[in-house]
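Here is the file protein-v8.cif (mmCIF, C-alpha atoms).
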```
data_target
#
loop_
_atom_site.label_atom_id
_atom_site.label_comp_id
_atom_site.auth_asym_id
_atom_site.auth_seq_id
_atom_site.Cartn_x
_atom_site.Cartn_y
_atom_site.Cartn_z
CA MET A 1 -4.81 -58.52 -10.95
CA SER A 2 -7.39 -60.90 -9.52
CA ALA A 3 -7.07 -64.68 -9.88
CA GLU A 4 -10.25 -64.78 -11.94
CA HIS A 5 -8.92 -62.10 -14.26
CA ALA A 6 -5.59 -63.88 -14.62
CA ALA A 7 -7.40 -67.11 -15.53
CA VAL A 8 -9.38 -65.35 -18.25
CA ASN A 9 -6.38 -63.72 -19.85
CA GLY A 10 -3.80 -66.19 -18.57
CA ARG A 11 -1.07 -66.49 -21.14
CA PRO A 12 2.52 -65.50 -20.42
CA GLU A 13 2.92 -64.47 -24.05
CA PRO A 14 4.92 -61.37 -24.96
CA ARG A 15 2.75 -58.40 -25.77
CA PRO A 16 3.30 -55.96 -28.62
CA THR A 17 4.19 -52.41 -27.75
CA ARG A 18 0.89 -51.23 -29.18
CA TRP A 19 -2.24 -53.18 -30.09
CA THR A 20 -4.77 -51.95 -32.63
CA TYR A 21 -8.48 -52.42 -31.95
CA ARG A 22 -8.61 -55.05 -34.70
CA GLU A 23 -5.79 -57.00 -33.07
CA VAL A 24 -7.58 -56.82 -29.72
CA ALA A 25 -10.70 -58.19 -31.46
CA ASP A 26 -8.62 -60.97 -33.08
CA GLU A 27 -7.16 -62.02 -29.72
CA LEU A 28 -10.50 -62.03 -27.90
CA ARG A 29 -12.14 -63.86 -30.79
CA ALA A 30 -9.47 -66.57 -30.59
CA ARG A 31 -10.05 -66.95 -26.83
CA ILE A 32 -13.79 -67.39 -27.38
CA ARG A 33 -13.33 -69.96 -30.14
CA SER A 34 -10.77 -71.94 -28.15
CA GLY A 35 -13.14 -72.13 -25.16
CA HIS A 36 -10.86 -69.96 -23.03
CA LEU A 37 -13.86 -67.65 -22.71
CA ARG A 38 -16.99 -69.77 -22.32
CA PRO A 39 -20.61 -69.11 -23.39
CA GLY A 40 -22.36 -67.00 -20.79
CA GLN A 41 -19.13 -65.96 -19.12
CA ARG A 42 -18.74 -62.31 -18.19
CA MET A 43 -15.86 -60.52 -19.88
CA PRO A 44 -13.34 -58.42 -17.93
CA THR A 45 -14.33 -54.77 -17.69
CA GLN A 46 -13.33 -52.40 -20.45
CA ALA A 47 -10.87 -50.79 -18.03
CA GLN A 48 -9.27 -54.16 -17.31
CA LEU A 49 -9.03 -55.01 -21.01
CA ALA A 50 -7.54 -51.60 -21.79
CA ASP A 51 -4.91 -52.18 -19.11
CA ASP A 52 -4.17 -55.74 -20.32
CA PHE A 53 -3.66 -54.71 -23.94
CA GLY A 54 -2.13 -51.31 -23.21
CA VAL A 55 -4.69 -49.41 -25.27
CA GLU A 56 -7.29 -46.69 -24.77
CA ARG A 57 -10.80 -47.71 -23.76
CA SER A 58 -12.07 -46.46 -27.12
CA ALA A 59 -10.00 -49.19 -28.83
CA VAL A 60 -11.49 -51.80 -26.49
CA ARG A 61 -15.01 -50.57 -27.26
CA GLN A 62 -14.34 -50.81 -31.01
CA ALA A 63 -13.04 -54.36 -30.59
CA LEU A 64 -16.05 -55.40 -28.51
CA ARG A 65 -18.45 -53.92 -31.07
CA ILE A 66 -16.78 -56.01 -33.79
CA LEU A 67 -17.32 -59.18 -31.76
CA GLN A 68 -20.89 -58.15 -30.99
CA SER A 69 -21.56 -57.70 -34.73
CA GLU A 70 -20.25 -61.27 -35.21
CA HIS A 71 -22.68 -62.45 -32.49
CA LEU A 72 -19.80 -63.59 -30.29
CA LEU A 73 -20.59 -61.11 -27.49
CA ALA A 74 -23.79 -59.79 -25.95
CA ASN A 75 -24.61 -56.78 -23.77
CA VAL A 76 -21.81 -54.61 -25.08
CA SER A 77 -22.17 -51.13 -23.59
CA LYS A 78 -20.16 -48.46 -21.82
CA GLY A 79 -21.47 -49.72 -18.48
CA SER A 80 -21.42 -53.32 -17.32
CA PRO A 81 -19.00 -55.88 -18.85
CA ALA A 82 -20.08 -57.76 -21.96
CA THR A 83 -20.83 -61.48 -21.85
CA VAL A 84 -19.85 -64.25 -24.24
CA ALA A 85 -22.80 -65.20 -26.43
CA GLU A 86 -24.59 -68.44 -25.54
CA ALA A 87 -23.98 -69.96 -28.99
CA PRO A 88 -20.79 -68.39 -30.34
CA GLN A 89 -20.11 -71.35 -32.61
CA LEU A 90 -22.86 -70.18 -34.95
CA ALA A 91 -20.88 -67.07 -35.74
CA SER A 92 -17.44 -68.67 -35.80
CA GLY A 93 -17.96 -71.55 -38.19
CA GLY A 94 -18.77 -74.32 -35.72
CA PRO A 95 -21.45 -77.00 -35.98
CA GLY A 96 -24.66 -75.59 -37.43
CA ALA A 97 -22.95 -72.46 -38.72
CA LEU A 98 -23.98 -70.90 -42.00
CA PRO A 99 -21.22 -71.14 -44.62
CA GLN A 100 -19.16 -68.00 -45.19
CA SER A 101 -17.06 -66.91 -48.16
CA THR A 102 -13.82 -68.83 -48.50
CA MET A 103 -11.66 -65.83 -47.66
CA VAL A 104 -13.57 -64.90 -44.50
CA ALA A 105 -13.90 -68.42 -43.08
CA LEU A 106 -10.45 -69.62 -44.07
CA SER A 107 -8.72 -66.57 -42.58
CA GLN A 108 -10.50 -67.09 -39.26
CA LYS A 109 -9.80 -70.80 -39.10
CA VAL A 110 -6.15 -70.58 -40.16
CA ALA A 111 -5.53 -67.84 -37.59
CA ALA A 112 -6.98 -70.11 -34.88
CA ALA A 113 -4.96 -73.10 -36.13
CA PHE A 114 -1.70 -71.16 -35.76
CA ARG A 115 -2.36 -70.65 -32.05
CA GLN A 116 -1.66 -74.34 -31.47
CA PRO A 117 1.90 -75.57 -30.75
CA ASP A 118 1.91 -77.83 -33.84
CA VAL A 119 0.27 -76.47 -36.97
CA GLU A 120 -0.70 -78.86 -39.79
CA ILE A 121 -2.44 -77.66 -42.93
CA ASP A 122 -3.25 -79.77 -45.99
CA ALA A 123 -4.88 -78.16 -49.02
CA VAL A 124 -6.28 -79.15 -52.41
CA CYS A 125 -6.96 -76.14 -54.64
CA LEU A 126 -6.60 -74.63 -58.12
CA THR A 127 -4.05 -72.09 -56.89
CA SER A 128 -2.93 -71.36 -53.36
CA VAL A 129 -4.12 -67.73 -53.41
CA SER A 130 -6.76 -68.18 -50.66
CA LEU A 131 -4.36 -70.05 -48.39
CA THR A 132 -1.56 -67.54 -49.01
CA LEU A 133 -3.83 -64.66 -48.01
CA ALA A 134 -5.15 -66.52 -44.96
CA VAL A 135 -1.66 -67.29 -43.67
CA GLY A 136 -0.74 -63.60 -43.82
CA GLU A 137 -2.42 -62.71 -40.50
CA PRO A 138 -0.80 -65.43 -38.36
CA LEU A 139 2.58 -64.60 -39.91
CA ARG A 140 2.13 -61.00 -38.77
CA HIS A 141 1.24 -62.19 -35.27
CA ILE A 142 4.34 -64.40 -35.15
CA HIS A 143 6.60 -61.55 -36.26
CA ALA A 144 4.99 -59.29 -33.64
CA GLY A 145 5.76 -61.84 -30.91
CA ARG A 146 2.15 -62.61 -30.02
CA ILE A 147 2.21 -66.29 -30.98
CA LYS A 148 4.95 -68.82 -31.64
CA PRO A 149 4.06 -72.35 -32.74
CA ALA A 150 6.82 -74.92 -32.35
CA LYS A 151 6.20 -76.61 -35.69
CA VAL A 152 4.40 -75.75 -38.94
CA ARG A 153 3.75 -78.34 -41.64
CA VAL A 154 1.94 -77.40 -44.85
CA ARG A 155 1.18 -79.68 -47.81
CA VAL A 156 -0.55 -78.39 -50.95
CA LEU A 157 -1.91 -80.30 -53.95
CA LEU A 158 -2.23 -78.21 -57.13
CA PRO A 159 -3.01 -79.12 -60.76
CA SER A 160 -0.06 -80.16 -62.87
CA ARG A 161 1.24 -77.82 -65.56
CA ASP A 162 1.20 -80.78 -67.98
CA ILE A 163 -2.58 -81.25 -68.18
CA ASP A 164 -5.29 -79.44 -70.14
CA LEU A 165 -7.20 -77.59 -67.43
CA ALA A 166 -10.96 -78.04 -67.27
CA PHE A 167 -11.02 -74.42 -66.06
CA PRO A 168 -10.07 -71.68 -66.54
CA ALA A 169 -10.84 -72.35 -70.19
CA PRO A 170 -12.20 -70.47 -73.23
CA ALA A 171 -15.97 -70.08 -73.15
CA ASP A 172 -16.28 -69.80 -76.93
CA ALA A 173 -16.05 -73.09 -78.83
CA ALA A 174 -14.51 -71.44 -81.88
CA VAL A 175 -11.86 -69.77 -79.78
CA GLU A 176 -11.17 -73.01 -77.95
CA ALA A 177 -10.74 -74.87 -81.22
CA ASP A 178 -7.80 -72.74 -82.33
CA GLY A 179 -5.86 -73.78 -79.24
CA VAL A 180 -3.86 -70.55 -79.04
CA THR A 181 -6.11 -68.70 -76.59
CA GLY A 182 -6.47 -71.76 -74.41
CA THR A 183 -2.70 -71.97 -74.19
CA ARG A 184 -2.53 -68.31 -73.17
CA ILE A 185 -5.16 -68.80 -70.46
CA GLN A 186 -3.29 -71.81 -69.09
CA ARG A 187 -0.03 -69.84 -69.18
CA ASP A 188 -1.57 -67.05 -67.08
CA TRP A 189 -3.01 -69.59 -64.63
CA LEU A 190 0.39 -71.27 -64.35
CA ALA A 191 2.08 -67.95 -63.60
CA GLN A 192 -0.44 -67.31 -60.80
CA ARG A 193 -0.10 -70.85 -59.44
CA ASN A 194 3.67 -70.51 -59.24
CA ALA A 195 3.71 -66.95 -57.88
CA GLN A 196 1.21 -67.66 -55.09
CA GLY A 197 2.96 -70.88 -54.16
CA GLN A 198 6.32 -69.13 -53.97
CA VAL A 199 4.92 -66.39 -51.72
CA LEU A 200 3.37 -68.99 -49.42
CA ARG A 201 6.53 -71.08 -49.26
CA HIS A 202 8.86 -68.12 -48.74
CA GLY A 203 6.72 -66.58 -45.98
CA LEU A 204 6.58 -69.85 -44.04
CA LEU A 205 10.18 -70.98 -44.52
CA ALA A 206 11.41 -67.57 -43.36
CA LEU A 207 10.13 -68.49 -39.88
CA ARG A 208 13.03 -70.93 -39.55
CA SER A 209 15.70 -68.23 -39.51
CA THR A 210 13.68 -65.40 -37.95
CA HIS A 211 12.01 -67.32 -35.11
CA GLY A 212 13.58 -70.78 -34.96
CA ILE A 213 10.31 -72.51 -35.86
CA ASP A 214 10.44 -75.99 -37.39
CA VAL A 215 8.77 -75.50 -40.80
CA GLU A 216 8.02 -77.93 -43.61
CA VAL A 217 6.31 -76.83 -46.84
CA ALA A 218 5.67 -79.23 -49.71
CA PHE A 219 3.79 -79.08 -53.01
CA ARG A 220 2.73 -81.90 -55.31
CA ALA A 221 0.98 -81.91 -58.68
CA LEU A 222 -2.37 -83.52 -59.52
CA PRO A 223 -3.13 -85.01 -62.94
CA PHE A 224 -6.59 -83.40 -62.96
CA THR A 225 -8.36 -80.10 -62.28
CA PRO A 226 -9.89 -80.25 -58.77
CA PRO A 227 -13.61 -79.32 -58.88
CA VAL A 228 -13.49 -78.39 -55.17
CA GLN A 229 -11.13 -76.78 -52.71
CA LEU A 230 -10.41 -78.54 -49.42
CA TYR A 231 -8.43 -77.38 -46.39
CA LEU A 232 -7.58 -79.68 -43.48
CA LEU A 233 -6.46 -77.93 -40.30
CA ASN A 234 -4.58 -79.57 -37.41
CA ASN A 235 -6.24 -82.94 -38.09
CA VAL A 236 -9.50 -81.74 -36.52
CA GLU A 237 -11.22 -79.56 -39.12
CA ALA A 238 -12.14 -79.92 -42.77
CA LEU A 239 -13.12 -76.83 -44.77
CA PHE A 240 -14.80 -77.57 -48.09
CA ALA A 241 -16.04 -75.42 -51.00
CA TYR A 242 -17.19 -76.06 -54.55
CA TYR A 243 -15.61 -74.24 -57.46
CA THR A 244 -18.71 -72.74 -59.07
CA LEU A 245 -17.99 -71.75 -62.67
CA ALA A 246 -19.19 -68.61 -64.39
CA ARG A 247 -18.53 -66.93 -67.70
CA HIS A 248 -16.67 -63.64 -67.58
CA GLY A 249 -14.23 -61.59 -69.60
CA GLU A 250 -10.47 -61.47 -69.08
CA GLN A 251 -7.64 -59.58 -70.72
CA ILE A 252 -5.28 -62.08 -72.31
CA ASP A 253 -2.32 -60.48 -74.11
CA HIS A 254 -4.27 -57.21 -74.48
CA GLU A 255 -7.24 -59.09 -75.94
CA ARG A 256 -10.58 -59.54 -74.20
CA VAL A 257 -11.54 -63.21 -74.01
CA ASP A 258 -14.59 -64.85 -72.41
CA VAL A 259 -13.59 -67.68 -70.11
CA TYR A 260 -15.24 -70.18 -67.80
CA ASP A 261 -13.63 -69.77 -64.40
CA ALA A 262 -14.34 -69.74 -60.66
CA GLN A 263 -13.59 -67.04 -58.12
CA GLY A 264 -12.24 -69.30 -55.39
CA VAL A 265 -12.10 -66.66 -52.64
CA ARG A 266 -15.84 -65.96 -53.04
CA GLN A 267 -17.14 -69.51 -52.84
CA LYS A 268 -19.08 -70.58 -49.74
CA LEU A 269 -16.89 -72.60 -47.40
CA PHE A 270 -18.46 -75.36 -45.30
CA VAL A 271 -16.78 -76.22 -42.00
CA PHE A 272 -16.71 -79.72 -40.49
CA ASP A 273 -15.32 -80.20 -36.97
CA GLN A 274 -14.10 -83.59 -35.85
CA GLY A 275 -15.91 -84.47 -32.64
CA ALA A 276 -18.93 -82.28 -33.44
CA GLY A 277 -21.05 -85.28 -34.33
CA LEU A 278 -20.87 -88.43 -36.42
CA ARG A 279 -21.38 -86.61 -39.74
CA ASP A 280 -18.65 -84.02 -39.13
CA THR A 281 -16.22 -86.57 -37.71
CA THR A 282 -16.72 -88.97 -40.60
CA PHE A 283 -16.37 -86.25 -43.23
CA THR A 284 -13.17 -84.95 -41.62
CA GLU A 285 -11.65 -88.42 -41.37
CA GLN A 286 -12.59 -89.35 -44.94
CA SER A 287 -11.19 -86.04 -46.21
CA HIS A 288 -7.84 -86.86 -44.62
CA LEU A 289 -7.90 -90.33 -46.16
CA TRP A 290 -8.72 -88.83 -49.59
CA PHE A 291 -5.95 -86.24 -49.36
CA ASN A 292 -3.33 -88.75 -48.27
CA SER A 293 -4.37 -91.19 -50.98
CA LEU A 294 -3.82 -88.52 -53.64
CA TRP A 295 -0.56 -87.35 -52.07
CA ASN A 296 0.89 -90.86 -51.86
CA THR A 297 -0.32 -92.29 -55.21
CA ILE A 298 -1.14 -90.33 -58.37
CA SER A 299 0.37 -86.94 -57.48
CA SER A 300 3.86 -86.11 -58.74
CA GLU A 301 6.71 -83.77 -57.93
CA LEU A 302 5.83 -80.11 -58.48
CA THR A 303 8.32 -77.39 -59.33
CA LEU A 304 7.01 -73.86 -58.83
CA GLY A 305 9.50 -72.36 -61.27
CA SER A 306 11.69 -69.34 -60.87
#
```

Render the structure in this file as structure tokens.
Amino acid sequence: MSAEHAAVNGRPEPRPTRWTYREVADELRARIRSGHLRPGQRMPTQAQLADDFGVERSAVRQALRILQSEHLLANVSKGSPATVAEAPQLASGGPGALPQSTMVALSQKVAAAFRQPDVEIDAVCLTSVSLTLAVGEPLRHIHAGRIKPAKVRVRVLLPSRDIDLAFPAPADAAVEADGVTGTRIQRDWLAQRNAQGQVLRHGLLALRSTHGIDVEVAFRALPFTPPVQLYLLNNVEALFAYYTLARHGEQIDHERVDVYDAQGVRQKLFVFDQGAGLRDTTFTEQSHLWFNSLWNTISSELTLGS
């Protein structure tokens, strides 16, 4: 292997016995976002990549096409090596990027955050469903031996079970007045809040015994319904989305009820990078101050239930 090639790929990490083309794409995407592969830099040949990952060239071509569709690579063909796009940050959620859906952007950013030695994630949300789904991919990479952070710390602020939620809530005033349906809606929300939180906590804490990773997971309760969701990653990124309410029908105890609610995973997520300019740096810093002020003052102990 040439010195240049070793520098491009250069990580003495253990490799899985078999990579899929999507996993190859994930790894190359992470190298581009981290700056390991720089704008304008020529990629290794498809033959070299196939040898590095232990896959067929067809898998490499599929992975490269994925990154080309995300505008991270240019000149992808069967002939000469592809090159890293001149402005990959526009496709990966950097400064000037168009907002993506919460699930798409959060999954990408959380996966990148877990490639650092110390992982720190703070979140304010209605339930932890988006974060739980986003953490799934890095957990799979850890279990496969591809990454191994030394420490993972996660703090999550969720609405208290003891408040009347602003949403989800009955959309019909008459229904809301009887109080019964509203109680049922809140009960269903509470079950989801607890279930998602338990899955997140269990998946992360399991890393202690399976991989010897130092893990801390904590939840606290807010005395209000957050109108936004906020994710703070490794003290350098702030991901922000509004909860946009809409009226739709739900089955509550075998009865169809119209509710006002927000589909959190579909909201547009805005990304702010500390160091990407005064606006982004200030927003990220103020978001950390806001989160810590809530965590240390008006939030209370939260029990996820059994």

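For the file shown, the residue list from the PyMOL selection byres ((chain A and resi 53) around 8) reads Arg15, Arg18, Trp19, Val24, Leu49, Ala50, Asp51, Asp52, Gly54 and Val55 of chain A.
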
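Picture a line from CA of Leu233 in chain A to CA of Asp26 in chain A; it runs 18.6 Å.
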
Could you name the residues that touch Leu106 in chain A at 9 Å or less, counting all atoms listed in the file, but leaving out those on the same chain fewer than 4 positions away, as an NGL selection string?
:A and (100-102 or 110-111 or 130-131 or 134 or 231 or 239 or 269)

Starting from the PyMOL selection byres ((chain A and resi 192-208) around 6), expand the selection into actual residues of this file and give them as a ChimeraX atom specification.
/A:127-129,132,189-191,209-213,304

Excluding Pro81 in chain A and residues on its chain fewer than 2 positions from it, collect all residues at most 8 Å away from it, counting all atoms listed in the file, and give them as a PyMOL selection string.
chain A and resi 42-46+75-77+79+83

N, CA, C and O atoms of range 270-289 of chain A from block above, as a JSON list (two decimals), in the first residue's frame:
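So the final result, stored in part-v8.json, reads:
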```
[["chain", "number", "residue", "atom", "x", "y", "z"],
["A", 270, "PHE", "N", -32.34, 22.39, 11.45],
["A", 270, "PHE", "CA", -31.33, 23.37, 11.10],
["A", 270, "PHE", "C", -30.05, 23.06, 11.88],
["A", 270, "PHE", "O", -30.10, 22.78, 13.08],
["A", 271, "VAL", "N", -28.92, 23.12, 11.20],
["A", 271, "VAL", "CA", -27.63, 22.76, 11.81],
["A", 271, "VAL", "C", -26.78, 24.01, 11.99],
["A", 271, "VAL", "O", -26.59, 24.79, 11.05],
["A", 272, "PHE", "N", -26.24, 24.18, 13.19],
["A", 272, "PHE", "CA", -25.35, 25.28, 13.51],
["A", 272, "PHE", "C", -24.03, 24.70, 14.01],
["A", 272, "PHE", "O", -24.02, 23.91, 14.96],
["A", 273, "ASP", "N", -22.93, 25.08, 13.36],
["A", 273, "ASP", "CA", -21.60, 24.56, 13.70],
["A", 273, "ASP", "C", -20.80, 25.65, 14.40],
["A", 273, "ASP", "O", -20.59, 26.72, 13.84],
["A", 274, "GLN", "N", -20.31, 25.34, 15.61],
["A", 274, "GLN", "CA", -19.46, 26.28, 16.30],
["A", 274, "GLN", "C", -18.16, 26.46, 15.52],
["A", 274, "GLN", "O", -17.53, 25.50, 15.11],
["A", 275, "GLY", "N", -17.78, 27.70, 15.28],
["A", 275, "GLY", "CA", -16.59, 27.97, 14.50],
["A", 275, "GLY", "C", -16.87, 28.22, 13.04],
["A", 275, "GLY", "O", -15.97, 28.55, 12.27],
["A", 276, "ALA", "N", -18.16, 28.09, 12.62],
["A", 276, "ALA", "CA", -18.51, 28.31, 11.22],
["A", 276, "ALA", "C", -18.92, 29.76, 10.96],
["A", 276, "ALA", "O", -19.46, 30.07, 9.91],
["A", 277, "GLY", "N", -18.66, 30.62, 11.91],
["A", 277, "GLY", "CA", -19.06, 32.02, 11.78],
["A", 277, "GLY", "C", -19.66, 32.50, 13.08],
["A", 277, "GLY", "O", -20.04, 31.70, 13.96],
["A", 278, "LEU", "N", -19.77, 33.81, 13.23],
["A", 278, "LEU", "CA", -20.25, 34.38, 14.48],
["A", 278, "LEU", "C", -21.66, 33.94, 14.81],
["A", 278, "LEU", "O", -21.97, 33.61, 15.96],
["A", 279, "ARG", "N", -22.55, 33.90, 13.79],
["A", 279, "ARG", "CA", -23.94, 33.51, 14.05],
["A", 279, "ARG", "C", -24.01, 32.09, 14.57],
["A", 279, "ARG", "O", -24.66, 31.81, 15.58],
["A", 280, "ASP", "N", -23.36, 31.14, 13.88],
["A", 280, "ASP", "CA", -23.41, 29.74, 14.28],
["A", 280, "ASP", "C", -22.77, 29.53, 15.65],
["A", 280, "ASP", "O", -23.31, 28.79, 16.49],
["A", 281, "THR", "N", -21.63, 30.16, 15.87],
["A", 281, "THR", "CA", -20.95, 30.01, 17.15],
["A", 281, "THR", "C", -21.79, 30.54, 18.29],
["A", 281, "THR", "O", -21.93, 29.89, 19.34],
["A", 282, "THR", "N", -22.38, 31.71, 18.10],
["A", 282, "THR", "CA", -23.21, 32.30, 19.15],
["A", 282, "THR", "C", -24.44, 31.46, 19.44],
["A", 282, "THR", "O", -24.79, 31.22, 20.60],
["A", 283, "PHE", "N", -25.10, 30.97, 18.38],
["A", 283, "PHE", "CA", -26.29, 30.14, 18.58],
["A", 283, "PHE", "C", -25.93, 28.87, 19.34],
["A", 283, "PHE", "O", -26.65, 28.45, 20.26],
["A", 284, "THR", "N", -24.82, 28.23, 18.96],
["A", 284, "THR", "CA", -24.42, 26.99, 19.63],
["A", 284, "THR", "C", -24.10, 27.24, 21.09],
["A", 284, "THR", "O", -24.54, 26.49, 21.98],
["A", 285, "GLU", "N", -23.36, 28.31, 21.38],
["A", 285, "GLU", "CA", -23.02, 28.62, 22.76],
["A", 285, "GLU", "C", -24.25, 28.94, 23.60],
["A", 285, "GLU", "O", -24.39, 28.47, 24.73],
["A", 286, "GLN", "N", -25.16, 29.75, 23.04],
["A", 286, "GLN", "CA", -26.37, 30.11, 23.77],
["A", 286, "GLN", "C", -27.28, 28.91, 23.98],
["A", 286, "GLN", "O", -27.97, 28.80, 25.00],
["A", 287, "SER", "N", -27.28, 27.98, 23.03],
["A", 287, "SER", "CA", -28.09, 26.76, 23.18],
["A", 287, "SER", "C", -27.58, 25.92, 24.33],
["A", 287, "SER", "O", -28.36, 25.34, 25.10],
["A", 288, "HIS", "N", -26.25, 25.84, 24.48],
["A", 288, "HIS", "CA", -25.68, 25.11, 25.62],
["A", 288, "HIS", "C", -26.04, 25.80, 26.93],
["A", 288, "HIS", "O", -26.38, 25.13, 27.92],
["A", 289, "LEU", "N", -25.95, 27.12, 26.95],
["A", 289, "LEU", "CA", -26.32, 27.85, 28.17],
["A", 289, "LEU", "C", -27.78, 27.62, 28.52],
["A", 289, "LEU", "O", -28.13, 27.42, 29.70]]
```
